[in-house]
>>> print(open('protein_9.cif').read())   # mmCIF, C-alpha atoms
data_target
loop_
_atom_site.label_atom_id
_atom_site.label_comp_id
_atom_site.auth_asym_id
_atom_site.auth_seq_id
_atom_site.Cartn_x
_atom_site.Cartn_y
_atom_site.Cartn_z
CA MET A 1 17.70 173.43 12.23
CA PRO A 2 18.00 170.21 14.26
CA TYR A 3 20.64 167.52 13.75
CA ALA A 4 20.68 163.72 13.99
CA LEU A 5 22.99 160.75 13.53
CA PHE A 6 22.75 158.94 10.18
CA SER A 7 24.19 155.83 8.59
CA ASN A 8 23.89 156.03 4.84
CA ASN A 9 20.46 157.63 4.49
CA ASP A 10 18.93 156.06 7.60
CA ARG A 11 18.37 158.31 10.59
CA LEU A 12 19.57 156.51 13.72
CA SER A 13 18.94 159.03 16.48
CA LYS A 14 16.37 161.47 17.67
CA ALA A 15 16.73 165.05 16.49
CA TYR A 16 18.72 167.40 18.73
CA PRO A 17 19.06 171.20 18.65
CA THR A 18 22.77 171.33 17.75
CA GLU A 19 25.42 169.25 16.02
CA ALA A 20 27.40 169.26 19.29
CA ASP A 21 24.48 167.52 21.03
CA VAL A 22 24.64 164.67 18.51
CA TRP A 23 28.44 164.40 18.90
CA LYS A 24 27.84 163.82 22.63
CA ILE A 25 25.36 161.04 21.87
CA ALA A 26 27.74 159.44 19.36
CA ARG A 27 30.68 159.60 21.79
CA ARG A 28 28.66 158.03 24.63
CA SER A 29 27.52 155.30 22.22
CA GLY A 30 31.10 154.42 21.25
CA LEU A 31 30.78 155.65 17.68
CA VAL A 32 33.60 158.21 17.86
CA VAL A 33 37.23 157.26 17.31
CA ASP A 34 40.38 159.37 17.35
CA ALA A 35 42.14 159.56 14.00
CA VAL A 36 45.45 161.04 12.94
CA SER A 37 45.86 162.21 9.36
CA GLU A 38 49.20 162.00 7.64
CA GLY A 39 51.04 165.27 7.76
CA GLU A 40 49.52 166.30 11.06
CA ALA A 41 51.77 166.62 14.07
CA ALA A 42 50.35 163.43 15.63
CA ARG A 43 47.33 165.27 16.96
CA PRO A 44 44.35 162.94 16.99
CA ARG A 45 40.96 164.38 16.17
CA PRO A 46 37.57 162.80 16.77
CA VAL A 47 35.80 161.26 13.79
CA LEU A 48 32.72 159.12 13.45
CA ASP A 49 33.35 155.41 12.99
CA ASN A 50 32.27 153.51 9.85
CA ASP A 51 29.63 155.18 7.70
CA TYR A 52 28.12 157.32 10.44
CA GLU A 53 27.58 161.02 9.91
CA ILE A 54 25.86 163.90 11.61
CA ARG A 55 23.55 165.88 9.38
CA SER A 56 20.89 168.49 9.69
CA CYS A 57 17.39 167.10 9.47
CA GLN A 58 13.76 167.90 9.91
CA ALA A 59 12.27 166.91 13.24
CA GLU A 60 9.57 164.31 12.87
CA ALA A 61 5.96 165.22 13.58
CA ASN A 62 5.42 165.72 17.32
CA GLU A 63 9.19 165.58 17.95
CA ASP A 64 10.80 168.39 19.95
CA PRO A 65 14.62 168.50 19.65
CA ALA A 66 14.90 170.63 22.81
CA GLN A 67 12.85 168.07 24.74
CA ASN A 68 15.03 165.25 23.38
CA LYS A 69 18.10 167.10 24.68
CA ALA A 70 16.51 167.72 28.09
CA GLU A 71 15.59 164.03 28.42
CA ARG A 72 19.10 162.96 27.41
CA ASP A 73 20.68 165.40 29.89
CA ALA A 74 18.42 164.15 32.70
CA LYS A 75 19.33 160.54 31.91
CA VAL A 76 23.06 161.33 31.95
CA GLU A 77 22.69 163.13 35.29
CA LEU A 78 20.93 160.09 36.78
CA GLU A 79 23.71 157.81 35.55
CA PHE A 80 26.31 159.90 37.36
CA LYS A 81 24.31 159.85 40.60
CA SER A 82 23.90 156.07 40.56
#
>>> encode(input="protein_9.cif", output="structure tokens")
Amino acid sequence: MPYALFSNNDRLSKAYPTEADVWKIARRSGLVVDAVSEGEAARPRPVLDNDYEIRSCQAEANEDPAQNKAERDAKVELEFKS
């Protein structure tokens, strides 16, 4: 099942094959912050900012999550070469 980034019930991203793929998108977009819960030994963990969440979803008609991932990976590679 594919995953996407949501705010409330609105889907904000394309569908991607795994939850980890969406975490990468959220981190690159500045939507991930490090949080420390009380009682933890000051070890920050990544959480989504505001009301964002990553949920499983149905791909839209004519949407291919694997192709979305391939396009994202190609774009990231081009950014590093520039």
>>> resolve_selection(input="protein_9.cif", expression="the PyMOL selection byres ((chain A and resi 63) around 12)", output="VMD selection string")
chain A and resid 2 13 to 17 57 to 62 64 to 69
>>> write_last_selection(input="protein_9.cif", atoms="C-alpha atoms", output="mmCIF file, in the frame of the given file")
data_model
loop_
_atom_site.group_PDB
_atom_site.id
_atom_site.type_symbol
_atom_site.label_atom_id
_atom_site.label_comp_id
_atom_site.auth_asym_id
_atom_site.auth_seq_id
_atom_site.Cartn_x
_atom_site.Cartn_y
_atom_site.Cartn_z
ATOM 1 C CA PRO A 2 18.000 170.210 14.260
ATOM 2 C CA SER A 13 18.940 159.030 16.480
ATOM 3 C CA LYS A 14 16.370 161.470 17.670
ATOM 4 C CA ALA A 15 16.730 165.050 16.490
ATOM 5 C CA TYR A 16 18.720 167.400 18.730
ATOM 6 C CA PRO A 17 19.060 171.200 18.650
ATOM 7 C CA CYS A 57 17.390 167.100 9.470
ATOM 8 C CA GLN A 58 13.760 167.900 9.910
ATOM 9 C CA ALA A 59 12.270 166.910 13.240
ATOM 10 C CA GLU A 60 9.570 164.310 12.870
ATOM 11 C CA ALA A 61 5.960 165.220 13.580
ATOM 12 C CA ASN A 62 5.420 165.720 17.320
ATOM 13 C CA ASP A 64 10.800 168.390 19.950
ATOM 14 C CA PRO A 65 14.620 168.500 19.650
ATOM 15 C CA ALA A 66 14.900 170.630 22.810
ATOM 16 C CA GLN A 67 12.850 168.070 24.740
ATOM 17 C CA ASN A 68 15.030 165.250 23.380
ATOM 18 C CA LYS A 69 18.100 167.100 24.680
#
>>> resolve_selection(input="protein_9.cif", expression="the PyMOL selection byres ((chain A and resi 48) around 7)", output="list in words")
Leu31, Val32, Val33, Pro46, Val47, Asp49, Asn50, Tyr52 and Glu53 of chain A
>>> atom_distance(input="protein_9.cif", atom1="atom CA of Met1 of chain A", atom2="atom CA of Ala35 of chain A")
28.2 Å
>>> residues_around(input="protein_9.cif", residues="Val22 of chain A", least_positions_apart="5", cutoff="8 Å", atoms="only C-alpha atoms", output="PyMOL selection string")
chain A and resi 3-5+16+54
>>> resolve_selection(input="protein_9.cif", expression="the PyMOL selection byres ((chain A and resi 7) around 6)", output="number ranges by chain")
A: 6, 8-10, 51-52
>>> closest_residue(input="protein_9.cif", among="A:Glu77, A:Glu19, A:Glu38, A:Glu71", to="Arg55 of chain A", atoms="only C-alpha atoms")
A:Glu19
>>> atom_distance(input="protein_9.cif", atom1="atom CA of Thr18 of chain A", atom2="atom CA of Lys75 of chain A")
18.1 Å
